[in-house]
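Raw final-v3.txt, compact mmCIF, C-alpha atoms and all ligand atoms:
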# COMPACT_ATOMS: atom_id res chain seq x y z
CA MET I 1 5.97 -129.54 115.01
CA GLU I 2 4.33 -126.84 117.13
CA THR I 3 1.06 -125.28 116.00
CA ASN I 4 1.85 -122.05 117.87
CA PRO I 5 5.60 -121.47 117.76
CA ARG I 6 5.46 -117.77 118.65
CA GLN I 7 6.87 -118.19 122.17
CA THR I 8 9.70 -120.29 120.74
CA ILE I 9 10.49 -117.53 118.22
CA ILE I 10 10.30 -114.81 120.89
CA ALA I 11 12.81 -116.73 123.05
CA ALA I 12 15.14 -117.31 120.08
CA ALA I 13 15.00 -113.64 119.04
CA SER I 14 15.72 -112.53 122.59
CA HIS I 15 18.73 -114.88 122.71
CA PHE I 16 20.08 -113.62 119.36
CA TYR I 17 19.40 -110.02 120.40
CA GLN I 18 21.52 -110.53 123.51
CA LEU I 19 24.29 -111.99 121.35
CA GLY I 20 24.25 -108.79 119.25
CA TRP I 21 22.93 -110.53 116.13
CA MET I 22 19.48 -108.86 116.01
CA MET I 23 20.20 -105.32 117.10
CA GLY I 24 17.27 -102.89 116.86
CA THR I 25 14.90 -104.21 114.20
CA ALA I 26 17.50 -106.38 112.43
CA GLY I 27 16.72 -109.89 111.29
CA ASN I 28 13.59 -111.99 110.96
CA LEU I 29 12.59 -115.47 112.12
CA SER I 30 9.91 -117.86 110.94
CA VAL I 31 8.63 -121.32 111.83
CA ARG I 32 6.42 -123.56 109.70
CA ILE I 33 3.44 -125.32 111.29
CA PRO I 34 1.71 -128.64 110.43
CA ASP I 35 -0.80 -127.14 107.97
CA GLY I 36 2.08 -125.85 105.82
CA SER I 37 1.66 -122.18 106.75
CA PHE I 38 4.35 -120.32 108.70
CA TRP I 39 4.54 -117.72 111.45
CA ILE I 40 6.99 -114.91 110.71
CA THR I 41 8.09 -111.86 112.67
CA ALA I 42 6.33 -108.62 111.78
CA SER I 43 8.38 -105.98 109.98
CA GLY I 44 10.20 -103.27 111.86
CA ARG I 45 9.84 -104.63 115.40
CA ASN I 46 12.62 -104.48 117.97
CA LYS I 47 13.80 -108.09 118.11
CA GLY I 48 14.76 -107.94 121.78
CA GLU I 49 11.21 -107.23 122.93
CA LEU I 50 8.85 -109.15 120.65
CA THR I 51 5.41 -110.06 121.94
CA SER I 52 2.85 -112.53 120.55
CA THR I 53 1.20 -109.71 118.56
CA ASP I 54 4.40 -109.09 116.57
CA PHE I 55 3.74 -111.98 114.17
CA VAL I 56 1.91 -112.75 110.97
CA ARG I 57 0.86 -116.20 109.75
CA MET I 58 1.13 -116.77 106.02
CA LYS I 59 0.63 -119.41 103.40
CA LEU I 60 3.57 -120.43 101.26
CA ASP I 61 2.19 -118.32 98.39
CA GLY I 62 2.36 -115.18 100.56
CA THR I 63 -1.34 -114.96 101.46
CA ILE I 64 -1.78 -113.61 104.99
CA ILE I 65 -3.92 -115.93 107.13
CA GLU I 66 -3.60 -114.31 110.58
CA GLN I 67 -2.39 -110.89 111.70
CA PRO I 68 -3.22 -109.03 114.92
CA HIS I 69 -4.09 -105.83 113.01
CA PRO I 70 -4.03 -104.85 109.32
CA ASP I 71 -1.15 -102.45 110.08
CA VAL I 72 1.07 -105.31 111.26
CA ARG I 73 2.98 -106.25 108.14
CA PRO I 74 5.09 -109.38 107.64
CA SER I 75 8.88 -109.03 107.48
CA ALA I 76 10.18 -107.17 104.45
CA GLU I 77 12.28 -110.27 103.79
CA THR I 78 9.36 -112.73 103.74
CA SER I 79 10.06 -113.65 100.10
CA ILE I 80 13.34 -115.27 101.20
CA HIS I 81 11.53 -117.41 103.80
CA GLN I 82 8.92 -118.42 101.18
CA THR I 83 11.71 -119.44 98.81
CA ILE I 84 13.49 -121.51 101.45
CA TYR I 85 10.30 -123.33 102.50
CA SER I 86 9.42 -123.98 98.85
CA LEU I 87 12.87 -125.31 97.96
CA PHE I 88 13.36 -127.40 101.09
CA PRO I 89 10.19 -129.27 102.15
CA GLU I 90 11.99 -130.60 105.26
CA ALA I 91 12.69 -127.05 106.52
CA GLU I 92 10.52 -126.12 109.49
CA ALA I 93 12.38 -123.05 110.69
CA CYS I 94 14.16 -120.25 108.84
CA TYR I 95 16.24 -117.78 110.84
CA HIS I 96 17.95 -114.64 109.51
CA VAL I 97 20.26 -112.45 111.62
CA HIS I 98 22.79 -109.66 111.12
CA SER I 99 26.10 -110.18 112.92
CA ILE I 100 29.24 -108.10 112.45
CA GLU I 101 31.29 -111.24 111.70
CA ALA I 102 28.88 -112.44 109.00
CA ASN I 103 29.32 -109.08 107.27
CA LEU I 104 33.11 -109.16 107.61
CA VAL I 105 33.52 -112.69 106.23
CA SER I 106 31.19 -111.93 103.33
CA ARG I 107 33.99 -109.59 102.17
CA PHE I 108 36.72 -112.23 102.48
CA THR I 109 36.04 -113.34 98.89
CA ASP I 110 34.80 -111.69 95.69
CA SER I 111 33.34 -114.98 94.54
CA ASP I 112 29.81 -116.14 95.28
CA ASN I 113 31.02 -118.99 97.52
CA LEU I 114 32.80 -118.48 100.83
CA PRO I 115 35.30 -121.28 101.66
CA LEU I 116 34.87 -122.43 105.27
CA PRO I 117 37.82 -123.60 107.38
CA PRO I 118 37.91 -127.39 107.99
CA LEU I 119 36.90 -127.11 111.65
CA GLU I 120 35.35 -129.89 113.74
CA MET I 121 32.39 -127.53 114.20
CA LEU I 122 31.33 -128.23 110.58
CA LYS I 123 29.91 -131.53 111.85
CA GLY I 124 27.31 -129.41 113.61
CA LEU I 125 26.22 -128.18 110.17
CA GLY I 126 25.94 -131.79 108.97
CA VAL I 127 29.37 -132.08 107.27
CA TRP I 128 30.90 -135.41 108.34
CA GLU I 129 34.09 -135.50 106.26
CA GLU I 130 37.78 -135.62 106.98
CA ASN I 131 39.43 -132.33 106.02
CA PRO I 132 36.15 -130.99 104.53
CA GLN I 133 36.30 -128.52 101.64
CA VAL I 134 32.99 -126.75 102.17
CA THR I 135 31.72 -123.41 100.96
CA MET I 136 28.77 -121.23 101.96
CA PRO I 137 26.87 -119.54 99.12
CA ILE I 138 26.93 -115.73 99.01
CA PHE I 139 24.27 -113.61 97.33
CA VAL I 140 24.24 -109.97 96.25
CA ASN I 141 22.34 -107.67 98.62
CA HIS I 142 19.87 -106.20 96.12
CA LEU I 143 17.61 -103.45 97.43
CA ASP I 144 14.76 -105.29 95.75
CA LEU I 145 14.25 -108.20 98.16
CA PRO I 146 12.26 -110.45 95.78
CA ARG I 147 15.30 -110.26 93.46
CA ILE I 148 17.48 -111.82 96.20
CA ALA I 149 14.82 -114.51 96.69
CA GLN I 150 14.78 -115.18 92.94
CA ASP I 151 18.60 -115.42 92.86
CA ILE I 152 18.45 -117.97 95.71
CA CYS I 153 15.79 -119.99 93.90
CA ASP I 154 17.62 -119.93 90.54
CA ARG I 155 20.93 -120.97 92.03
CA PHE I 156 19.76 -123.61 94.51
CA GLU I 157 17.54 -125.32 91.92
CA ILE I 158 20.71 -126.06 89.94
CA THR I 159 23.30 -126.26 92.74
CA PRO I 160 21.92 -127.16 96.16
CA PRO I 161 24.11 -125.81 98.98
CA SER I 162 26.28 -128.21 101.00
CA VAL I 163 25.18 -126.58 104.26
CA SER I 164 21.72 -125.26 105.20
CA ALA I 165 22.88 -121.67 105.25
CA LEU I 166 23.49 -118.72 102.96
CA LEU I 167 25.05 -115.31 103.26
CA ILE I 168 23.84 -112.06 101.75
CA ARG I 169 26.93 -109.88 101.33
CA ASP I 170 27.16 -106.95 103.77
CA HIS I 171 23.79 -108.00 105.21
CA GLY I 172 23.66 -111.27 107.18
CA ILE I 173 23.14 -115.01 107.33
CA THR I 174 20.02 -117.11 106.80
CA VAL I 175 19.79 -120.71 108.03
CA TRP I 176 17.01 -123.29 107.74
CA ALA I 177 16.51 -126.55 109.60
CA SER I 178 14.05 -129.29 110.47
CA SER I 179 13.20 -127.68 113.83
CA PRO I 180 13.58 -124.31 115.57
CA ARG I 181 16.14 -125.90 117.96
CA GLU I 182 18.24 -127.12 115.03
CA ALA I 183 18.02 -123.71 113.32
CA SER I 184 19.37 -122.07 116.50
CA ASN I 185 22.19 -124.62 116.62
CA PHE I 186 23.07 -124.01 112.96
CA LEU I 187 23.14 -120.28 113.55
CA GLU I 188 25.37 -120.55 116.62
CA ILE I 189 27.77 -122.90 114.83
CA ALA I 190 27.94 -120.78 111.66
CA GLU I 191 28.58 -117.67 113.73
CA TYR I 192 31.32 -119.49 115.68
CA ILE I 193 32.98 -120.36 112.34
CA PHE I 194 32.71 -116.72 111.22
CA ARG I 195 34.27 -115.54 114.51
CA TYR I 196 37.09 -118.05 114.01
CA MET I 197 37.66 -116.75 110.45
CA VAL I 198 37.85 -113.14 111.61
CA ALA I 199 40.15 -114.07 114.52
CA ALA I 200 42.37 -116.16 112.22
CA ARG I 201 42.88 -113.14 109.96
CA THR I 202 43.70 -110.97 112.94
CA VAL I 203 46.52 -113.30 114.02
CA GLY I 204 47.75 -113.67 110.44
CA PHE I 205 46.57 -117.25 109.64
C1 LIG M 301 18.12 -102.92 110.62
S1 LIG M 301 16.72 -103.58 109.82
C2 LIG M 301 17.22 -104.08 108.24
C3 LIG M 301 16.09 -104.64 107.42
O1 LIG M 301 16.13 -103.99 106.17
C4 LIG M 301 16.20 -106.13 107.17
O2 LIG M 301 17.44 -106.50 106.63
C5 LIG M 301 15.91 -107.00 108.35
O3 LIG M 301 16.59 -107.98 108.62
C6 LIG M 301 14.71 -106.72 109.18
O4 LIG M 301 13.58 -106.44 108.39
P1 LIG M 301 12.10 -106.76 108.92
O5 LIG M 301 11.19 -106.19 107.87
O6 LIG M 301 11.96 -106.13 110.28
O7 LIG M 301 12.02 -108.26 109.02
ZN ZN M 302 18.04 -108.62 107.05
Would you mind writing the file out in structure tokens?
Amino acid sequence: METNPRQTIIAAASHFYQLGWMMGTAGNLSVRIPDGSFWITASGRNKGELTSTDFVRMKLDGTIIEQPHPDVRPSAETSIHQTIYSLFPEAEACYHVHSIEANLVSRFTDSDNLPLPPLEMLKGLGVWEENPQVTMPIFVNHLDLPRIAQDICDRFEITPPSVSALLIRDHGITVWASSPREASNFLEIAEYIFRYMVAARTVGF
């Protein structure tokens, strides 16, 4: 676990920005450090040109421990990161991005679970089954962010997800993992699956 993961987050954001998943100020990334606090991207920053002063370090309860200036506020979606780290003690990175495909597939069902196709790529999300029947949880995109975080908490406490990922409808995907590298892998694999789903519809599958 890194004590200063800001350069790792900057590189990840730049990569996702170039992939079109963090356009403008979209998305937020955080990484937990050994003392249990986490570094999270500041709110409203362009995600293609983050610098080390575009971060805030917080405790799990939301107390700010380090910020470059009082005007630098943590991501507006920090409550979701707090919820994920509280629910999943093994999570050390939580990445949230906005891709076009994630938004399209979130409309492929009216239910609150999106069925995923039984692709080999699911193994990259930790699903080692033959002909897997896996779903990804979908949440309503409330304007009130803490309400989304509460929905996630309420649902996952009763029904843990089968993959370390969730969708917020018409908004984007959030993944969590035991390292920043694994979180990037999960994101790339989930987005590949979403691209496949959109392409499959286009060719009439
Ligand atoms: C195009 S920015 C949309 C925001 O409302 C939000 O969804 C987001 O992902 C970024 O918010 P931020 O506060 O910069 O972390
Ligand atoms: Zn968002």
Sort by chain and increasing residue number a table of all residues of chain I within 6 Å of ligand LIG 301 (chain M), each with its closest pair of atoms and their distance in Å to one decimal, counting only C-alpha atoms and all ligand atoms, and write it as a tab-separated table.
residue	atom	partner	partner_atom	distance
I:Thr25	CA	M:LIG301	S1	4.8
I:Ala26	CA	M:LIG301	S1	3.9
I:Gly27	CA	M:LIG301	O3	3.3
I:Asn28	CA	M:LIG301	O7	4.5
I:Ser43	CA	M:LIG301	O5	3.5
I:Gly44	CA	M:LIG301	O6	3.7
I:Arg45	CA	M:LIG301	O6	5.7
I:Ser75	CA	M:LIG301	O7	3.6
I:Ala76	CA	M:LIG301	O5	3.7
I:Glu77	CA	M:LIG301	O7	5.6
Output for the residues just chosen: C-alpha atoms as an mmCIF file, in the coordinates of the input:
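In the end it all went to part15.cif:
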data_model
loop_
_atom_site.group_PDB
_atom_site.id
_atom_site.type_symbol
_atom_site.label_atom_id
_atom_site.label_comp_id
_atom_site.auth_asym_id
_atom_site.auth_seq_id
_atom_site.Cartn_x
_atom_site.Cartn_y
_atom_site.Cartn_z
ATOM 1 C CA THR I 25 14.900 -104.210 114.200
ATOM 2 C CA ALA I 26 17.500 -106.380 112.430
ATOM 3 C CA GLY I 27 16.720 -109.890 111.290
ATOM 4 C CA ASN I 28 13.590 -111.990 110.960
ATOM 5 C CA SER I 43 8.380 -105.980 109.980
ATOM 6 C CA GLY I 44 10.200 -103.270 111.860
ATOM 7 C CA ARG I 45 9.840 -104.630 115.400
ATOM 8 C CA SER I 75 8.880 -109.030 107.480
ATOM 9 C CA ALA I 76 10.180 -107.170 104.450
ATOM 10 C CA GLU I 77 12.280 -110.270 103.790
#
List as a compact mmCIF listing (two decimals) with C-alpha atoms, keeping the file's coordinate frame the protein and nucleic acid residues near stretch 47-52 of chain I, meaning an atom at most 10 Å away when all atoms listed in the file are counted, but skip any in the same chain fewer than 5 places from it.
# COMPACT_ATOMS: atom_id res chain seq x y z
CA ASN I 4 1.85 -122.05 117.87
CA PRO I 5 5.60 -121.47 117.76
CA ARG I 6 5.46 -117.77 118.65
CA GLN I 7 6.87 -118.19 122.17
CA ILE I 9 10.49 -117.53 118.22
CA ILE I 10 10.30 -114.81 120.89
CA ALA I 11 12.81 -116.73 123.05
CA ALA I 12 15.14 -117.31 120.08
CA ALA I 13 15.00 -113.64 119.04
CA SER I 14 15.72 -112.53 122.59
CA HIS I 15 18.73 -114.88 122.71
CA PHE I 16 20.08 -113.62 119.36
CA TYR I 17 19.40 -110.02 120.40
CA GLN I 18 21.52 -110.53 123.51
CA GLY I 20 24.25 -108.79 119.25
CA TRP I 21 22.93 -110.53 116.13
CA MET I 22 19.48 -108.86 116.01
CA MET I 23 20.20 -105.32 117.10
CA GLY I 24 17.27 -102.89 116.86
CA THR I 25 14.90 -104.21 114.20
CA ALA I 26 17.50 -106.38 112.43
CA GLY I 27 16.72 -109.89 111.29
CA ASN I 28 13.59 -111.99 110.96
CA LEU I 29 12.59 -115.47 112.12
CA THR I 41 8.09 -111.86 112.67
CA ALA I 42 6.33 -108.62 111.78
CA PRO I 68 -3.22 -109.03 114.92
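In this structure, atom CA of I:Ser178 sits 20.8 Å away from atom CA of I:Val134.
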- Message: Let me make sure I understand: among I:Arg147, I:Gly204, I:His98, I:Thr3, which one has the smallest atom-to-atom distance to ligand ZN 302 (chain M) if we use all atoms listed in the file?
- Response: I:His98
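The coordinates place atom CA of I:Asp71 at 26.0 Å from atom CA of I:His171.
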- Query: Leaving out I:Ile193 and any residue of its chain fewer than 3 positions from it, which residues lie within 10 Å of it when counting all atoms listed in the file, given as a PyMOL selection string?
  - Reply: chain I and resi 101-102+105+116-122+187-190+196-199
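The residue that comes closest to I:Thr83, out of I:Leu104, I:Ala200, I:Leu167, I:Ala149 and on the basis of all atoms listed in the file, is I:Ala149.
Distance cut-off 12 Å, centre (28.3, -126.6, 99.4), atoms counted only C-alpha atoms; the residues meeting this are Asp112, Asn113, Leu114, Pro115, Leu116, Leu122, Leu125, Gly126, Val127, Pro132, Gln133, Val134, Thr135, Met136, Pro137, Ile138, Arg155, Phe156, Thr159, Pro160, Pro161, Ser162, Val163, Ser164, Ala165 and Leu166 of chain I.
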Would you put the residues from that selection into a file with C-alpha atoms, as an mmCIF file, in the coordinates of the input?
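And here is the file that came out, part_37.cif:
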data_model
loop_
_atom_site.group_PDB
_atom_site.id
_atom_site.type_symbol
_atom_site.label_atom_id
_atom_site.label_comp_id
_atom_site.auth_asym_id
_atom_site.auth_seq_id
_atom_site.Cartn_x
_atom_site.Cartn_y
_atom_site.Cartn_z
ATOM 1 C CA ASP I 112 29.810 -116.140 95.280
ATOM 2 C CA ASN I 113 31.020 -118.990 97.520
ATOM 3 C CA LEU I 114 32.800 -118.480 100.830
ATOM 4 C CA PRO I 115 35.300 -121.280 101.660
ATOM 5 C CA LEU I 116 34.870 -122.430 105.270
ATOM 6 C CA LEU I 122 31.330 -128.230 110.580
ATOM 7 C CA LEU I 125 26.220 -128.180 110.170
ATOM 8 C CA GLY I 126 25.940 -131.790 108.970
ATOM 9 C CA VAL I 127 29.370 -132.080 107.270
ATOM 10 C CA PRO I 132 36.150 -130.990 104.530
ATOM 11 C CA GLN I 133 36.300 -128.520 101.640
ATOM 12 C CA VAL I 134 32.990 -126.750 102.170
ATOM 13 C CA THR I 135 31.720 -123.410 100.960
ATOM 14 C CA MET I 136 28.770 -121.230 101.960
ATOM 15 C CA PRO I 137 26.870 -119.540 99.120
ATOM 16 C CA ILE I 138 26.930 -115.730 99.010
ATOM 17 C CA ARG I 155 20.930 -120.970 92.030
ATOM 18 C CA PHE I 156 19.760 -123.610 94.510
ATOM 19 C CA THR I 159 23.300 -126.260 92.740
ATOM 20 C CA PRO I 160 21.920 -127.160 96.160
ATOM 21 C CA PRO I 161 24.110 -125.810 98.980
ATOM 22 C CA SER I 162 26.280 -128.210 101.000
ATOM 23 C CA VAL I 163 25.180 -126.580 104.260
ATOM 24 C CA SER I 164 21.720 -125.260 105.200
ATOM 25 C CA ALA I 165 22.880 -121.670 105.250
ATOM 26 C CA LEU I 166 23.490 -118.720 102.960
#
Please rebuild stretch 8-24 of chain I with N, CA and C atoms and return the result as a tab-separated table (two decimals), keeping the file's coordinate frame.
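What ended up in selection19.tsv:
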chain	number	residue	atom	x	y	z
I	8	THR	N	8.38	-119.76	121.11
I	8	THR	CA	9.70	-120.29	120.74
I	8	THR	C	10.49	-119.24	119.96
I	9	ILE	N	9.81	-118.56	119.03
I	9	ILE	CA	10.49	-117.53	118.22
I	9	ILE	C	10.88	-116.34	119.09
I	10	ILE	N	9.99	-115.95	120.00
I	10	ILE	CA	10.30	-114.81	120.89
I	10	ILE	C	11.56	-115.12	121.70
I	11	ALA	N	11.63	-116.35	122.24
I	11	ALA	CA	12.81	-116.73	123.05
I	11	ALA	C	14.07	-116.75	122.20
I	12	ALA	N	13.96	-117.26	120.97
I	12	ALA	CA	15.14	-117.31	120.08
I	12	ALA	C	15.60	-115.89	119.73
I	13	ALA	N	14.65	-115.02	119.41
I	13	ALA	CA	15.00	-113.64	119.04
I	13	ALA	C	15.67	-112.93	120.21
I	14	SER	N	15.14	-113.16	121.41
I	14	SER	CA	15.72	-112.53	122.59
I	14	SER	C	17.17	-113.00	122.80
I	15	HIS	N	17.38	-114.30	122.60
I	15	HIS	CA	18.73	-114.88	122.71
I	15	HIS	C	19.68	-114.25	121.67
I	16	PHE	N	19.23	-114.18	120.43
I	16	PHE	CA	20.08	-113.62	119.36
I	16	PHE	C	20.31	-112.12	119.58
I	17	TYR	N	19.27	-111.45	120.09
I	17	TYR	CA	19.40	-110.02	120.40
I	17	TYR	C	20.52	-109.81	121.43
I	18	GLN	N	20.50	-110.66	122.46
I	18	GLN	CA	21.52	-110.53	123.51
I	18	GLN	C	22.92	-110.85	122.98
I	19	LEU	N	23.00	-111.68	121.95
I	19	LEU	CA	24.29	-111.99	121.35
I	19	LEU	C	24.75	-110.90	120.38
I	20	GLY	N	23.88	-109.89	120.14
I	20	GLY	CA	24.25	-108.79	119.25
I	20	GLY	C	24.00	-109.10	117.78
I	21	TRP	N	23.18	-110.12	117.51
I	21	TRP	CA	22.93	-110.53	116.13
I	21	TRP	C	21.62	-109.98	115.57
I	22	MET	N	20.78	-109.40	116.46
I	22	MET	CA	19.48	-108.86	116.01
I	22	MET	C	19.29	-107.48	116.63
I	23	MET	N	20.27	-106.63	116.46
I	23	MET	CA	20.20	-105.32	117.10
I	23	MET	C	19.06	-104.49	116.49
I	24	GLY	N	18.38	-103.73	117.35
I	24	GLY	CA	17.27	-102.89	116.86
I	24	GLY	C	16.22	-103.77	116.20
